[in-house]
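First up is the structure itself, then whatever we jot down about it.
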Amino acid sequence: MPDPDIAPSADDQAGLTQRLLDARDGGAAALDALFPIVYERLHRIAHAHLGRDGEGRTISTTALVHEAYLKLFDAARVEWQDRSHFLSLASRAMRQILIDYARRHGAARRGGELQQVDLDAVQIAVAERADTLVSLDAALVRLAAFSPRLAKVVELRFFGGLTEEETAQVLLVTDRTVRRDWIKARGWLHQEMQVS
Amino acid sequence: MADIPQDRWTTIEALVDQALDRPAAERADFLRVACGDDVTLRQAAEEWLAACENPSLFPDGQAAVFAAPLLSGSAGRFSDSEPPAPERVGPYRILHELGRGGMGAVFLAERDDGQLDRRVAVKVMRRGADDATLRRRFVDERQILARLEHPHIATLLDGGVTPDGRLYLVMQYVEGVPIDRYCDDLGLPVDARLRIFVSVCGAVQHAHRNQVVHRDLKPGNILVTPEGQPKLLDFGIAKLLQPASSLSPELTRTGERLLTPEYASPEQIRGEAVTPASDVHALGVLLHRLLTGQRPFRRQALSSHDLERAILEDDPTQPSDVVTAPGERRRLLGDLDAIVLTALRKDPSQRYADAGQLADDIERHLDGRPVRARGRAPAYRLRAVLRQHRGLVNAGAVGALVGAAALALWSWPSRVPADSAASVVLAIGRIADYRDGPDVQSAAPLVDMLATNLARAQGLSVVSAGRMYDLVAQVGSEVAAEEATFRAARNAGATQLLTGAIHALPSGEVRLDLQRVDVASGTILGAQSALGADLYGLADSATSHVVADLGLAAPVGSIADVTTRSLAAYRHYTEGLQHFSAGRLAAADTAFGAALREDSTFAMAALYHARSSGYQWRYASATTADRAEFEGRYARAQRLAGKASDRERLMIRAYYETYHLSPAAMAVAETLAVRYPREIDGHLMLGINQAMQGDLQPAIARYSLVLEMDSASMRLGADRCAGCVAINSLVEAAVLMDSLPRAERYARLWLELQPSSLGARGNLVQVLDAQGRFSEAAMLLRSAPVAGTAQDSVIELAKHLIRAGELPVADTLLDTWIRRARGRTGTPLLFLRAVVLRNQGRLQDALVVARHLRTASGDRAVGGAAPPSAMLQAQTLFDMGRMRAASALFDSISRWPATGQPPSVQATFRVLALSMSAASLHAAGDTGRLAALADTVERDGRRVLLSRPQDQHHFVRGLLLEMRGNGTAAIDAFRSALKHVTIDFGRANMELAGLYLQENRPGDAIATLRPASRGWFIETTNLHLTLTEVHERLAQAHERAGAPDSAAAHWTWVARSWQSSDAGFRERRQHAAARAAAIADSARVAR
């Protein structure tokens, strides 16, 4: 079934692409203005792939992000620097989407509709995942307080699904730096999550 | 761990880093040593390090995969701060989410209470029903919207409030594709698009009748079902959800609205009252999009802000201007243009009042009835429309033969007073052909030719033959032919009708008897007979008679002058001429090519085919293939010229020889001008040749004559007509003669004749800059946009900035645009940037650009001769003082294998390259080769038409004389080199000025350099010279001449330009700054 909300009209795409290109000149503020749009679209796509029919299909974040990218923008016009901006946004959006889901899930479990449902092994495992994500997110916030770049690496690689190379391009550092950051970040987060 | 303060973490991180740098076995020891007594530090570092090696709590893989189980589940969950969707809404059961918008989410639901099995879309709002006022309004509005029952509107079925307090709407579920994609995917032709658009208007009109304005019409809200039925969504939703506050809905909504300001009307952008006319505006944008594939507001840098500004301020593009194929253009010209533009008027009261009126006009167009918009099309378009109609009538001459679709109607009866000659609207009716006996044929070709010819007469409006053809067909076959013609003429709005008959005479000639009849009364107003050897001759002769009879001036040129066997070819040819004179070379190229395919011996078409070749308009990024094509076309035209008439042959030769800089050109041009004085091209070619030879006075006279002859077509907007070339040359000639006020007069005249021409504006800007009136020039550049691409305007602006000395701004501007340019289109920008960099003394950077240009264009010979990029590179080396390298590169440029090129052109480049090589050697103190070089340059110079290269050898000899210490003789030599005034300023000017200073003749030095300081034609003149060094020398000269104030101005220029220069310029810059300061100080003291 064709879904008009997921397929933007040609004009929407042109408008968005232009805004992405504008963001290059406009800096952080212009980029932020794009965030709600990216967020919304990514959510829809994520939901379309993962949520519609019940069983979670295997789809990677990378694929999701790239699909959002292709759907939102006219890729021919976008150069790698702008694509980097997009990937950065998308990672942030992805993080927010997933953490929200996790929180909802937790809320539901604690006081919402799920009360009536029997908890079985699968659902316990699912609940644990939600908890992990929430705790990770909190730890990430604390990490960002003293090392924004480490937190960003995690956001890009884990939530955004970016490769080392793509991460390096977005952050304008070397691959090696990204590798090291990734190691340090995960280690630190592991410790934080242990405590909370 | 939480006890550790943030700043400590940074230290710990550093330790961890260093530890990780070491092999695993050494890490523990390293930390022990590094941390010393600080136990907490060491512990924290050790723990972190351990965690790095095994971060087991950190989730594996990617987040979405990890979280996948969370996302699945029935009824969906939402990742914004909304509670999950309700399972039921009223009698509807929610199936799943369809999508999400700025206002809320949409779900697919179905009714399961057993009554109806209908799928619906349920839109649950983000906003709550906590606001009582909002809730009441919501309910009221909902009732209004529910009344909108229309086959093309997704009906609003129900609405209410969910148990958890959110507003919801239940609508008909529509499966479909946005209308723009639908039309494109199916490749619908114009008529089909119009029809579907009319249905959409019908739906909108239904709403308008019910006082509902959509406010957000755009393709995303207009879906087309698989059955081809359009359905409108989201009617008036914006108004429905408007909070009680005063902000307009467009400002309070996020996401969707701001995405597409393209469809917003000016009043919506300004936040003013929204009326049905606002919907009309959106429909206008949509119609434009459907007809042309593009949006009507296309400013240069289209950020959302700029787009809004464009909607508020810019004129929309005219649909027929946007499409490129001639057939498409014809289809859109006239009616559809006017309809779209009326819908897009800035003032809502000037648009169609509602969607119904818009639909009505489109239907009139589809029926072939007069369209209301034509009477209301804004005046600023009048001239452009007139121009296009003129061309259309010409091309339409043969339209009847192919049964062309409705062509434009020439009639503005309401605007023209009834009793002037200009109010004659002439239709060409039936011309009976009795040549082959009593059975009447219809001399359709003659009708077409008459229509074409007469249309070129000034002050006469002629109904196109194609239109008449269609109108007659519409009248129907039961009516007698004569009567049908009359009715058609009346329907076309003609006031007079030409009819007649052709008879054969015993002598073999043909006679045409014509009557001019008044359409209203049927009385005969005039009659003529014309004689001719064939139809062409008849058409020509009859035209002059009719025109004389009407008291009008005879049209220039005639059909009989073009030799071709094929009327089809002729049709393409005239079409091509229209494109050509309007500057649309690509379209002209196609048209002339088509003409040649119909008639391969059509010499004039071959000439214009050559003149329209891609090489002409792609010069900066042309390839060898382009150049070869260009040469081939001209060669073909030359070959065919032999079979054509005398006049055509001369014309072709004149163009051919002139373009190839051949010494024979002058003679041919002279013959053409003398033998055929009514032929504009002859005079133009003669003027050009005279100017190239340096004979400015006669050239100016010639150009003025051309301008007089062609001012009519200039006014009609033809960009490339002879008149434009002439006036451009006049401006240049005046500048060369140092007569700037005169140049300005010409430039302003040009702008007056062609207000939207980029060339005209550019010229005036140059003239103003040349006089130092930079702020006036800047203001002119900021004024109304002109024809041409965004990049053209940027180039114009950049050149102005360079001339005004605003080098950093120019640099930034060019840099930005270079990044945006695709492929080879950025080449002219790169060239200009190199000019900027050299003027700034940033030679390293300039060298990089030059190299970049060389690799970007490959080592292909651009333009068939040495690549300009190589010249640039060599010149930059010269500027840097790397004389040997420069000389070597110049030498190799002079030896560049120039394949398939006329000797004259080749020689020009060699002369230039070798002279520069000589200059490099001279600067390096190596005079060994100078004498030999001078001889070579002299020999090559004799093969060239242009004056300056012929004299260039004097420059080289002058260098030699200077080396030998013979200053006076050197001055004479340089002056010989500069004997003929042209726009090319080069090293000769610099050397001469330097010598004058040495000989203590500062006044002469100033005179030599002042023209160069104006920056005329800067992209070429700054190749071997920079403005900055010219200013430096002028400063020196003014000081010697005892004019410190003038000197100070030049010193300041120099210091400013070289602000960020390479180290090599530092001393000179400091000197300039110091001198400027010193002069200023002493001036202050003196006061």
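Residues are named by chain letter and number: chains run A, B, ... in the order of the structure tokens, numbers start at 1 in each chain, and ligands are numbered from 1 in the order shown.
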Surrounding residues of Leu730 of chain B excluding itself and chain neighbours under 2 positions, 9 Å, only C-alpha atoms, as a PyMOL selection string: chain B and resi 699-700+703-704+725-728+732-735+743+746-747
May I have the residues from that selection written out with all heavy atoms, as a short mmCIF file (atom, residue, chain, number, x, y, z; two decimals), in the first residue's frame?
```cif
data_model
loop_
_atom_site.label_atom_id
_atom_site.label_comp_id
_atom_site.auth_asym_id
_atom_site.auth_seq_id
_atom_site.Cartn_x
_atom_site.Cartn_y
_atom_site.Cartn_z
N ALA B 699 34.56 52.73 -37.56
CA ALA B 699 33.84 51.63 -36.92
C ALA B 699 32.66 52.19 -36.13
O ALA B 699 31.55 51.65 -36.17
CB ALA B 699 34.77 50.85 -35.98
N ILE B 700 32.90 53.28 -35.43
CA ILE B 700 31.83 53.88 -34.65
C ILE B 700 30.68 54.31 -35.55
O ILE B 700 29.50 54.09 -35.25
CB ILE B 700 32.36 55.07 -33.83
CG1 ILE B 700 33.21 54.56 -32.68
CG2 ILE B 700 31.22 55.94 -33.32
CD1 ILE B 700 33.82 55.65 -31.84
N TYR B 703 28.78 51.22 -36.56
CA TYR B 703 27.98 50.66 -35.48
C TYR B 703 26.73 51.51 -35.23
O TYR B 703 25.65 50.99 -34.95
CB TYR B 703 28.78 50.60 -34.17
CG TYR B 703 29.88 49.57 -34.15
CD1 TYR B 703 31.11 49.88 -33.59
CD2 TYR B 703 29.67 48.30 -34.65
CE1 TYR B 703 32.12 48.93 -33.55
CE2 TYR B 703 30.68 47.35 -34.61
CZ TYR B 703 31.91 47.67 -34.06
OH TYR B 703 32.90 46.74 -34.01
N SER B 704 26.91 52.81 -35.32
CA SER B 704 25.75 53.68 -35.08
C SER B 704 24.68 53.41 -36.13
O SER B 704 23.48 53.40 -35.82
CB SER B 704 26.16 55.14 -35.14
OG SER B 704 27.22 55.38 -34.27
N VAL B 725 25.15 43.76 -30.57
CA VAL B 725 26.58 43.69 -30.82
C VAL B 725 27.10 45.08 -31.09
O VAL B 725 28.16 45.50 -30.59
CB VAL B 725 26.87 42.77 -32.02
CG1 VAL B 725 28.35 42.73 -32.30
CG2 VAL B 725 26.35 41.37 -31.76
N ALA B 726 26.32 45.82 -31.90
CA ALA B 726 26.75 47.17 -32.27
C ALA B 726 26.88 48.07 -31.06
O ALA B 726 27.88 48.77 -30.90
CB ALA B 726 25.76 47.76 -33.26
N ILE B 727 25.89 48.06 -30.21
CA ILE B 727 25.96 49.01 -29.10
C ILE B 727 27.02 48.61 -28.10
O ILE B 727 27.69 49.46 -27.49
CB ILE B 727 24.58 49.23 -28.45
CG1 ILE B 727 24.60 50.53 -27.67
CG2 ILE B 727 24.18 48.08 -27.58
CD1 ILE B 727 23.26 51.07 -27.34
N ASN B 728 27.21 47.31 -27.94
CA ASN B 728 28.29 46.83 -27.09
C ASN B 728 29.62 47.37 -27.61
O ASN B 728 30.45 47.88 -26.87
CB ASN B 728 28.30 45.30 -27.11
CG ASN B 728 29.15 44.72 -26.01
OD1 ASN B 728 29.87 45.44 -25.31
ND2 ASN B 728 29.12 43.41 -25.86
N GLU B 732 32.47 50.05 -26.06
CA GLU B 732 33.89 49.71 -25.99
C GLU B 732 34.74 50.72 -26.74
O GLU B 732 35.80 51.15 -26.27
CB GLU B 732 34.06 48.33 -26.61
CG GLU B 732 35.15 47.53 -25.99
CD GLU B 732 35.01 46.07 -26.39
OE1 GLU B 732 35.43 45.75 -27.51
OE2 GLU B 732 34.46 45.30 -25.59
N ALA B 733 34.27 51.09 -27.92
CA ALA B 733 35.02 52.05 -28.72
C ALA B 733 35.17 53.37 -27.97
O ALA B 733 36.24 53.98 -27.94
CB ALA B 733 34.33 52.27 -30.06
N ALA B 734 34.10 53.81 -27.36
CA ALA B 734 34.16 55.07 -26.63
C ALA B 734 35.17 54.97 -25.48
O ALA B 734 35.93 55.90 -25.22
CB ALA B 734 32.78 55.42 -26.08
N VAL B 735 35.17 53.80 -24.83
CA VAL B 735 36.13 53.63 -23.73
C VAL B 735 37.55 53.69 -24.25
O VAL B 735 38.43 54.32 -23.67
CB VAL B 735 35.88 52.28 -23.02
CG1 VAL B 735 37.03 51.93 -22.09
CG2 VAL B 735 34.58 52.33 -22.23
N ALA B 743 30.76 56.87 -23.52
CA ALA B 743 30.54 55.44 -23.28
C ALA B 743 29.33 55.24 -22.37
O ALA B 743 28.51 54.34 -22.58
CB ALA B 743 31.78 54.81 -22.65
N TYR B 746 26.08 55.66 -24.26
CA TYR B 746 25.74 54.46 -25.02
C TYR B 746 25.25 53.36 -24.10
O TYR B 746 24.28 52.66 -24.40
CB TYR B 746 26.97 53.94 -25.79
CG TYR B 746 27.33 54.73 -27.01
CD1 TYR B 746 28.64 55.14 -27.22
CD2 TYR B 746 26.38 55.07 -27.96
CE1 TYR B 746 29.00 55.86 -28.34
CE2 TYR B 746 26.72 55.79 -29.09
CZ TYR B 746 28.04 56.19 -29.28
OH TYR B 746 28.38 56.90 -30.39
N ALA B 747 25.94 53.18 -22.99
CA ALA B 747 25.57 52.10 -22.08
C ALA B 747 24.15 52.32 -21.55
O ALA B 747 23.37 51.38 -21.43
CB ALA B 747 26.57 52.01 -20.93
#
```
Using only C-alpha atoms, which residues sit within 10 Å of segment 174-189 of chain A once same-chain residues fewer than 5 positions away are excluded, as a VMD selection string? (chain A and resid 135 to 140 142 to 143 147 149 to 154 157 to 158 163 to 169 194 to 195) or (chain B and resid 13 16 to 17 20 to 21 47 to 59)
Could you check the closest approach to Pro663 of chain B for each of B:Arg1056, B:Arg943, B:Arg854, B:His1050 and tell me which residue wins, using only C-alpha atoms?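 With only C-alpha atoms as the atom set, the closest residue is B:Arg943.
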How many Å separate atom CA of Ser1057 of chain B from atom CA of Tyr996 of chain B? 25.0 Å
Please, what distance in Å, to one decimal, runs between atom CA of Arg820 of chain B and atom CA of Leu172 of chain A? 21.2 Å
Find the spatial neighbours of Leu780 of chain B, counting only C-alpha atoms, within a cut-off of 10 Å - ignore same-chain residues fewer than 4 positions away - and output them as a PyMOL selection string. chain B and resi 761-762+764-765+768+774-776+784
Counting only C-alpha atoms, the option among B:Arg331, B:Arg364, B:His281, B:Lys231 closest to Val177 of chain B: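 Closest candidate: B:Lys231.
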Return the single residue from B:Asp935, B:Asp811, B:Asp37, B:Asp940 that is closest to Val956 of chain B, with distances computed using only C-alpha atoms.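 Among B:Asp935, B:Asp811, B:Asp37, B:Asp940, it is B:Asp935 that comes nearest to Val956 of chain B.
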Surrounding residues of Ile99 of chain A excluding itself and chain neighbours under 6 positions, 9 Å, only C-alpha atoms, as a short mmCIF file (atom, residue, chain, number, x, y, z; two decimals) with N, CA and C atoms, in the first residue's frame:
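Result saved to around.cif:
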```cif
data_model
loop_
_atom_site.label_atom_id
_atom_site.label_comp_id
_atom_site.auth_asym_id
_atom_site.auth_seq_id
_atom_site.Cartn_x
_atom_site.Cartn_y
_atom_site.Cartn_z
N ALA A 130 15.18 -2.44 27.61
CA ALA A 130 14.73 -1.07 27.80
C ALA A 130 15.52 -0.41 28.91
N LEU A 133 19.06 0.55 27.84
CA LEU A 133 19.12 1.74 27.00
C LEU A 133 18.96 3.02 27.83
N VAL A 134 18.03 2.98 28.72
CA VAL A 134 17.80 4.17 29.55
C VAL A 134 19.02 4.48 30.38
N ASP A 137 21.78 5.88 28.21
CA ASP A 137 21.53 7.26 27.86
C ASP A 137 21.93 8.21 28.99
N ALA B 67 17.32 -2.47 20.02
CA ALA B 67 16.04 -1.97 20.53
C ALA B 67 14.85 -2.51 19.79
N SER B 79 7.37 7.69 19.92
CA SER B 79 8.60 8.14 20.55
C SER B 79 8.65 9.63 20.74
#
```
Measuring between only C-alpha atoms, which one of B:Ala821, B:Met990, B:Leu753, B:Val322 shows the shortest distance to chain A?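 Result for the nearest residue to chain A: B:Ala821.
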When you look at segment 911-927 of chain B with a cut-off of 7 Å (counting only C-alpha atoms), what residues show up, excluding the ones that are within fewer than 6 positions of it in the same chain? I need them as number ranges by chain. B: 878, 883-884, 886-887, 890-891, 893-894, 933, 937, 940-941, 949, 956, 959-960
Could you save the residues just selected, with N, CA and C atoms, as a tab-separated table (two decimals), in the first residue's frame?
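Listed below is the output, again-v6.tsv:
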```
chain	number	residue	atom	x	y	z
B	878	PHE	N	55.50	34.08	-13.75
B	878	PHE	CA	56.14	35.35	-14.08
B	878	PHE	C	55.99	36.32	-12.91
B	883	MET	N	61.27	33.44	-13.53
B	883	MET	CA	61.26	33.81	-14.93
B	883	MET	C	61.61	32.67	-15.87
B	884	ARG	N	62.56	31.86	-15.46
B	884	ARG	CA	62.96	30.78	-16.38
B	884	ARG	C	61.82	29.80	-16.57
B	886	ALA	N	58.70	30.47	-16.18
B	886	ALA	CA	57.66	31.15	-16.95
B	886	ALA	C	58.00	31.10	-18.43
B	887	SER	N	59.24	31.44	-18.73
B	887	SER	CA	59.63	31.48	-20.12
B	887	SER	C	59.47	30.10	-20.77
B	890	PHE	N	55.80	29.46	-21.36
B	890	PHE	CA	55.30	30.27	-22.48
B	890	PHE	C	55.76	29.68	-23.80
B	891	ASP	N	57.01	29.25	-23.82
B	891	ASP	CA	57.53	28.64	-25.05
B	891	ASP	C	56.71	27.42	-25.43
B	893	ILE	N	53.74	26.73	-24.66
B	893	ILE	CA	52.41	27.13	-25.11
B	893	ILE	C	52.46	27.55	-26.57
B	894	SER	N	53.54	28.24	-26.94
B	894	SER	CA	53.62	28.71	-28.32
B	894	SER	C	53.75	27.55	-29.29
B	933	LEU	N	63.59	35.92	-31.15
B	933	LEU	CA	62.17	35.94	-30.81
B	933	LEU	C	61.46	37.07	-31.53
B	937	VAL	N	58.22	36.67	-33.89
B	937	VAL	CA	56.97	37.34	-33.58
B	937	VAL	C	56.54	38.23	-34.75
B	940	ASP	N	55.11	35.92	-37.50
B	940	ASP	CA	53.79	35.40	-37.14
B	940	ASP	C	52.75	36.51	-37.14
B	941	GLY	N	53.19	37.68	-36.73
B	941	GLY	CA	52.25	38.78	-36.64
B	941	GLY	C	51.66	39.15	-37.98
B	949	PRO	N	48.58	42.15	-32.35
B	949	PRO	CA	49.60	41.11	-32.60
B	949	PRO	C	50.54	41.49	-33.74
B	956	VAL	N	59.00	43.30	-28.37
B	956	VAL	CA	60.17	42.47	-28.09
B	956	VAL	C	61.44	43.25	-28.41
B	959	LEU	N	62.26	45.61	-25.73
B	959	LEU	CA	62.89	44.98	-24.57
B	959	LEU	C	64.41	44.89	-24.80
B	960	LEU	N	64.73	44.51	-26.00
B	960	LEU	CA	66.14	44.36	-26.34
B	960	LEU	C	66.86	45.71	-26.22
```
What's the 9 Å shell around segment 520-523 of chain B, counting only C-alpha atoms, without same-chain residues fewer than 4 positions away, as a PyMOL selection string? chain B and resi 486+490+495-496+516
For the atom pair atom CA of Asn491 of chain B and atom CA of Ser541 of chain B, what is the interatomic distance in Å to one decimal place?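 Atom CA of Ser541 of chain B lies at a distance of 28.7 Å from atom CA of Asn491 of chain B.
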